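Q: I am sharing final37.cif, which consists of mmCIF, C-alpha atoms and all ligand atoms:
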data_query
loop_
_atom_site.label_atom_id
_atom_site.label_comp_id
_atom_site.auth_asym_id
_atom_site.auth_seq_id
_atom_site.Cartn_x
_atom_site.Cartn_y
_atom_site.Cartn_z
CA MET H 1 112.00 132.00 133.35
CA LYS H 2 109.38 130.81 135.88
CA LYS H 3 109.43 134.30 137.41
CA THR H 4 108.82 135.93 134.02
CA VAL H 5 105.85 133.65 133.30
CA LYS H 6 104.38 134.41 136.73
CA LEU H 7 104.91 138.13 136.21
CA LEU H 8 103.30 137.98 132.77
CA SER H 9 100.25 136.09 134.05
CA LEU H 10 99.86 138.58 136.91
CA LEU H 11 100.08 141.42 134.40
CA LEU H 12 97.51 139.73 132.16
CA ALA H 13 95.14 139.21 135.11
CA ALA H 14 95.52 142.90 136.03
CA VAL H 15 94.86 144.02 132.44
CA MET H 16 91.77 141.76 132.21
CA MET H 17 90.48 143.07 135.53
CA THR H 18 90.99 146.68 134.44
CA ALA H 19 89.16 145.92 131.19
CA ALA H 20 86.31 144.28 133.10
CA LEU H 21 86.00 147.17 135.50
CA ALA H 22 86.40 149.85 132.84
CA GLY H 23 84.60 148.21 129.94
CA CYS H 24 81.45 146.24 130.47
CA ALA H 25 80.43 146.97 134.02
CA GLU H 26 77.29 148.99 134.68
CA ARG H 27 78.48 152.48 135.59
CA THR H 28 75.36 154.12 136.96
CA ARG H 29 74.72 154.08 140.69
CA ALA H 30 71.27 152.87 141.69
CA PRO H 31 69.32 155.07 144.14
CA GLN H 32 70.76 154.62 147.64
CA VAL H 33 67.47 153.89 149.36
CA ASP H 34 66.47 151.50 152.12
CA GLU H 35 64.77 148.35 150.94
CA GLN H 36 63.28 146.31 153.70
CA ASP H 37 60.26 144.10 154.28
CA LEU H 38 60.62 141.84 157.31
CA THR H 39 56.91 141.31 157.80
CA LYS H 40 56.09 138.32 155.60
CA ASP H 41 54.89 135.02 157.04
CA THR H 42 58.12 133.24 156.13
CA ASN H 43 61.27 131.64 157.49
CA VAL H 44 63.40 132.85 154.56
CA LEU H 45 65.38 136.10 154.42
CA VAL H 46 66.94 137.52 151.26
CA VAL H 47 69.69 139.99 152.11
CA TYR H 48 71.76 141.81 149.53
CA PHE H 49 74.09 144.65 148.67
CA THR H 50 74.10 146.52 145.36
CA TRP H 51 75.69 149.56 143.78
CA SER H 52 74.34 149.67 140.23
CA GLY H 53 71.15 147.68 140.89
CA HIS H 54 71.73 144.18 139.48
CA LEU H 55 71.53 142.56 142.88
CA ASP H 56 68.41 144.54 143.63
CA SER H 57 66.68 142.85 140.68
CA MET H 58 67.99 139.39 141.55
CA ALA H 59 67.06 139.74 145.23
CA HIS H 60 63.51 140.83 144.42
CA TRP H 61 62.96 137.92 142.02
CA ILE H 62 64.16 135.50 144.70
CA ALA H 63 62.10 137.03 147.50
CA ASP H 64 59.05 137.16 145.24
CA GLU H 65 59.47 133.53 144.15
CA ILE H 66 59.64 132.37 147.78
CA GLY H 67 57.44 134.93 149.47
CA GLY H 68 60.47 135.74 151.63
CA ASP H 69 61.51 138.79 153.60
CA ILE H 70 64.00 141.15 151.99
CA LEU H 71 66.71 143.45 153.31
CA ARG H 72 69.20 145.69 151.53
CA VAL H 73 72.52 146.41 153.20
CA LEU H 74 73.53 150.04 152.65
CA ALA H 75 76.70 151.82 153.73
CA LYS H 76 76.05 154.75 156.10
CA GLU H 77 78.43 156.84 154.07
CA GLU H 78 77.00 156.51 150.56
CA TYR H 79 79.29 155.20 147.85
CA PRO H 80 80.01 157.90 145.27
CA GLU H 81 77.92 158.36 142.15
CA SER H 82 81.12 158.10 140.16
CA TYR H 83 82.01 154.53 139.21
CA ASP H 84 85.74 155.16 139.31
CA ALA H 85 85.56 156.80 142.73
CA THR H 86 83.54 153.81 143.99
CA VAL H 87 86.14 151.40 142.62
CA ASP H 88 88.88 153.37 144.38
CA ARG H 89 87.04 153.53 147.70
CA ALA H 90 86.19 149.82 147.57
CA LYS H 91 89.81 148.99 146.84
CA LYS H 92 91.02 150.99 149.83
CA GLU H 93 88.37 149.45 152.11
CA LYS H 94 89.43 145.98 151.05
CA ASN H 95 93.16 146.60 151.30
CA ASP H 96 92.79 148.21 154.73
CA GLY H 97 90.32 145.59 155.99
CA GLU H 98 87.78 148.30 156.81
CA ARG H 99 84.30 147.55 158.07
CA PRO H 100 82.18 150.44 156.73
CA GLU H 101 79.28 151.35 158.97
CA ILE H 102 75.93 150.21 157.59
CA THR H 103 72.38 151.45 157.99
CA VAL H 104 70.83 148.11 158.96
CA SER H 105 71.29 145.50 161.62
CA LEU H 106 69.19 142.58 162.80
CA THR H 107 68.82 141.55 166.43
CA ALA H 108 69.15 137.93 167.53
CA GLU H 109 65.40 137.95 168.08
CA GLN H 110 64.75 139.10 164.52
CA MET H 111 67.13 136.43 163.19
CA ASN H 112 65.21 133.72 165.09
CA LYS H 113 62.48 134.04 162.49
CA TYR H 114 64.70 132.61 159.74
CA ASP H 115 65.89 129.09 158.92
CA THR H 116 67.28 130.04 155.52
CA VAL H 117 69.16 133.12 154.39
CA PHE H 118 69.92 134.02 150.77
CA ILE H 119 72.94 136.31 150.54
CA GLY H 120 73.47 138.41 147.39
CA PHE H 121 76.30 140.74 146.36
CA PRO H 122 78.31 142.03 143.40
CA VAL H 123 81.88 140.75 143.36
CA TRP H 124 84.09 143.64 144.45
CA TRP H 125 87.81 143.26 144.05
CA TYR H 126 87.45 139.47 143.80
CA ASP H 127 85.63 139.30 147.13
CA LEU H 128 82.59 140.33 149.12
CA PRO H 129 81.99 144.11 149.33
CA MET H 130 83.16 145.26 152.77
CA PRO H 131 79.71 146.43 153.95
CA MET H 132 78.63 142.77 153.71
CA TRP H 133 81.50 141.84 156.02
CA THR H 134 80.14 144.39 158.48
CA PHE H 135 76.65 142.92 158.17
CA LEU H 136 77.67 139.27 158.48
CA GLU H 137 79.90 139.97 161.48
CA GLY H 138 76.92 141.60 163.18
CA ILE H 139 74.59 138.59 163.00
CA ASP H 140 74.72 134.97 164.04
CA LEU H 141 73.85 132.48 161.29
CA THR H 142 74.53 129.40 163.40
CA GLY H 143 72.22 126.54 162.46
CA LYS H 144 70.86 128.29 159.37
CA THR H 145 71.01 127.25 155.75
CA VAL H 146 72.70 129.81 153.51
CA TYR H 147 72.45 130.17 149.73
CA VAL H 148 74.57 132.60 147.78
CA PHE H 149 73.83 134.58 144.61
CA PHE H 150 76.08 137.12 142.99
CA SER H 151 76.89 139.12 139.92
CA HIS H 152 80.27 139.94 138.37
CA GLU H 153 82.01 141.15 135.23
CA GLY H 154 84.45 138.29 134.81
CA THR H 155 85.07 136.80 138.25
CA SER H 156 82.42 134.19 137.61
CA ASP H 157 83.48 131.95 140.51
CA GLY H 158 83.09 134.86 142.94
CA GLY H 159 86.83 135.01 143.70
CA SER H 160 87.27 134.72 147.47
CA ALA H 161 83.69 135.73 148.28
CA LEU H 162 82.28 132.25 148.89
CA SER H 163 85.05 131.27 151.28
CA THR H 164 84.70 134.66 152.97
CA ILE H 165 81.00 133.96 153.62
CA SER H 166 81.80 130.50 154.97
CA THR H 167 84.38 132.05 157.31
CA LEU H 168 82.01 134.80 158.47
CA ALA H 169 79.17 132.33 159.06
CA PRO H 170 81.03 129.48 160.75
CA GLY H 171 77.99 127.74 162.24
CA ALA H 172 75.86 127.89 159.10
CA ALA H 173 75.46 125.36 156.30
CA VAL H 174 76.73 127.52 153.43
CA ASN H 175 75.82 125.86 150.13
CA THR H 176 78.70 127.17 148.07
CA ALA H 177 78.28 124.44 145.43
CA ASP H 178 74.80 125.76 144.61
CA ALA H 179 75.80 129.42 144.31
CA LEU H 180 74.17 131.37 141.48
CA SER H 181 76.57 133.47 139.39
CA VAL H 182 75.26 135.87 136.73
CA ARG H 183 77.32 138.27 134.64
CA GLY H 184 76.20 141.83 135.29
CA SER H 185 75.41 142.58 131.65
CA ARG H 186 73.08 139.54 131.57
CA VAL H 187 71.14 140.22 134.75
CA LYS H 188 68.32 142.09 133.01
CA ASP H 189 67.52 138.98 130.94
CA SER H 190 67.99 136.49 133.75
CA GLU H 191 64.70 136.58 135.66
CA ASN H 192 63.77 133.05 134.56
CA VAL H 193 67.23 131.72 135.34
CA VAL H 194 67.06 133.21 138.83
CA ARG H 195 63.54 131.96 139.53
CA GLU H 196 64.41 128.47 138.22
CA TRP H 197 67.48 128.40 140.45
CA VAL H 198 65.30 129.11 143.48
CA ARG H 199 62.77 126.43 142.50
CA GLY H 200 65.62 123.99 141.85
CA LEU H 201 66.74 124.45 145.45
CA GLY H 202 63.26 123.40 146.54
CA TYR H 203 61.87 126.83 147.44
CA SER H 204 58.65 128.40 146.23
CA LYS H 205 55.66 130.16 147.73
C1 LIG S 1 84.00 148.59 143.32
C2 LIG S 1 83.77 147.53 142.27
C3 LIG S 1 84.62 146.44 142.21
C4 LIG S 1 84.37 145.41 141.29
N1 LIG S 1 85.20 144.32 141.28
C5 LIG S 1 84.92 143.30 140.42
C6 LIG S 1 85.72 142.11 140.44
O1 LIG S 1 86.67 141.95 141.21
N2 LIG S 1 85.40 141.12 139.55
C7 LIG S 1 84.36 141.24 138.69
O2 LIG S 1 84.12 140.31 137.92
N3 LIG S 1 83.58 142.34 138.66
C8 LIG S 1 83.82 143.36 139.52
N4 LIG S 1 83.01 144.47 139.52
C9 LIG S 1 81.84 144.49 138.64
C10 LIG S 1 80.54 144.13 139.42
O3 LIG S 1 80.69 142.93 140.17
C11 LIG S 1 79.38 143.92 138.44
O4 LIG S 1 79.25 145.06 137.62
C12 LIG S 1 78.06 143.63 139.15
O5 LIG S 1 77.13 143.16 138.20
C13 LIG S 1 77.49 144.87 139.82
O6 LIG S 1 76.33 144.52 140.57
P1 LIG S 1 75.37 145.65 141.17
O7 LIG S 1 74.64 146.27 139.98
O8 LIG S 1 74.41 144.92 142.05
O9 LIG S 1 76.18 146.65 141.91
C14 LIG S 1 83.26 145.51 140.40
C15 LIG S 1 82.44 146.65 140.45
C16 LIG S 1 82.69 147.65 141.37
C17 LIG S 1 81.78 148.86 141.43
#
Just give me the structure as structure tokens.

A:
Amino acid sequence: MKKTVKLLSLLLAAVMMTAALAGCAERTRAPQVDEQDLTKDTNVLVVYFTWSGHLDSMAHWIADEIGGDILRVLAKEEYPESYDATVDRAKKEKNDGERPEITVSLTAEQMNKYDTVFIGFPVWWYDLPMPMWTFLEGIDLTGKTVYVFFSHEGTSDGGSALSTISTLAPGAAVNTADALSVRGSRVKDSENVVREWVRGLGYSK
């Protein structure tokens, strides 16, 4: 009986996930272009990954509110334009524990500039997209304060992503309790929410 209930709840979770991925998610790939300004007079970096562009909007609002630097993490091998093909590739990368090559990296010297790092991502397969694993494993966040913002289509607690970030940034103070979660379909109307979140954390220009 217990087994049947477990099986049914797993099935339900899978059906809900499929509906979330197939139904409401944004299905158009944003242009795969570099986005980088590391020249501001600031000790705050906003780094993000995006496929359909929600995190691009959120990251720019945050960087603008603070006057912070901004950096987009891009996979060297572009994700497909097709949503379904992207979902399939991301699933394989996650299952196989791949670390896709990325187009950006920051040296230790570049990282010295920052006390605080805002990390943004869409939830992918209940976790952090694998290119962000590549990025975080390539930098040292020891001693820095980290804030997290993300977008999703149902996994509103970020799934495993927050604990993944804490694991990949062992020496950082990762403020998981303050993470900002916005449903993808609501991002376009969330500029005030995002800016207020930043101000609430004590950051502004
Ligand atoms: C490969 C892939 C996997 C996804 N996995 C999840 C998931 O596990 N849970 C969820 O709630 N949404 C999932 N989504 C939906 C995205 O998190 C959501 O659409 C997000 O707003 C996209 O942000 P972006 O526009 O910055 O790419 C997934 C989307 C893609 C493309």

Q: What is the distance between atom CA of Glu153 of chain H and atom C11 of ligand LIG 1 (chain S), in Å to one decimal?

A: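 Atom C11 of ligand LIG 1 (chain S) lies at a distance of 5.0 Å from atom CA of Glu153 of chain H.
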
Q: Could you report the residues within 7 Å of ligand LIG 1 (chain S), using all atoms listed in the file, as a ChimeraX atom specification?

A: /H:17,20-21,25-26,49-56,83,86-88,90-91,121-127,151-156,183-185

Q: Give me the residues within 10 Å of segment 64-77 of chain H as a ChimeraX atom specification, counting all atoms listed in the file and dropping any in the same chain fewer than 3 places off.

A: /H:32-51,55-56,58-61,80,99-106,114,116-121,130-132,134-135,194-196,198-199,202-205

Q: Expressed in Å to a single decimal, how great is the separation between atom CA of Tyr147 of chain H and atom CA of Thr176 of chain H?

A: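 For atom CA of Tyr147 of chain H relative to atom CA of Thr176 of chain H, the distance reads 7.1 Å.
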
Q: Could you state the separation of atom CA of Asp115 of chain H and atom CA of Pro170 of chain H in Å, given to one decimal place?

A: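 That distance, rounded to one decimal, is 15.3 Å.
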
Q: H:Gly158, H:Gly200, H:Pro129, H:Pro31: which is nearest Glu98 of chain H, counting only C-alpha atoms?

A: H:Pro129

Q: With distances taken over only C-alpha atoms, which residue among H:Glu93, H:Leu201, H:Ser181, H:Ser82 lies nearest Gly159 of chain H?

A: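 Residue with the minimum atom-to-atom distance to Gly159 of chain H: H:Ser181.
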
Q: Box in all listed atoms of segment 185-192 of chain H, axis-aligned, with 8 Å more on each side; write out centre and edge lengths in Å to one decimal as AutoDock Vina command-line options.

A:
--center_x 69.6 --center_y 137.8 --center_z 133.3 --size_x 27.6 --size_y 25.5 --size_z 20.7
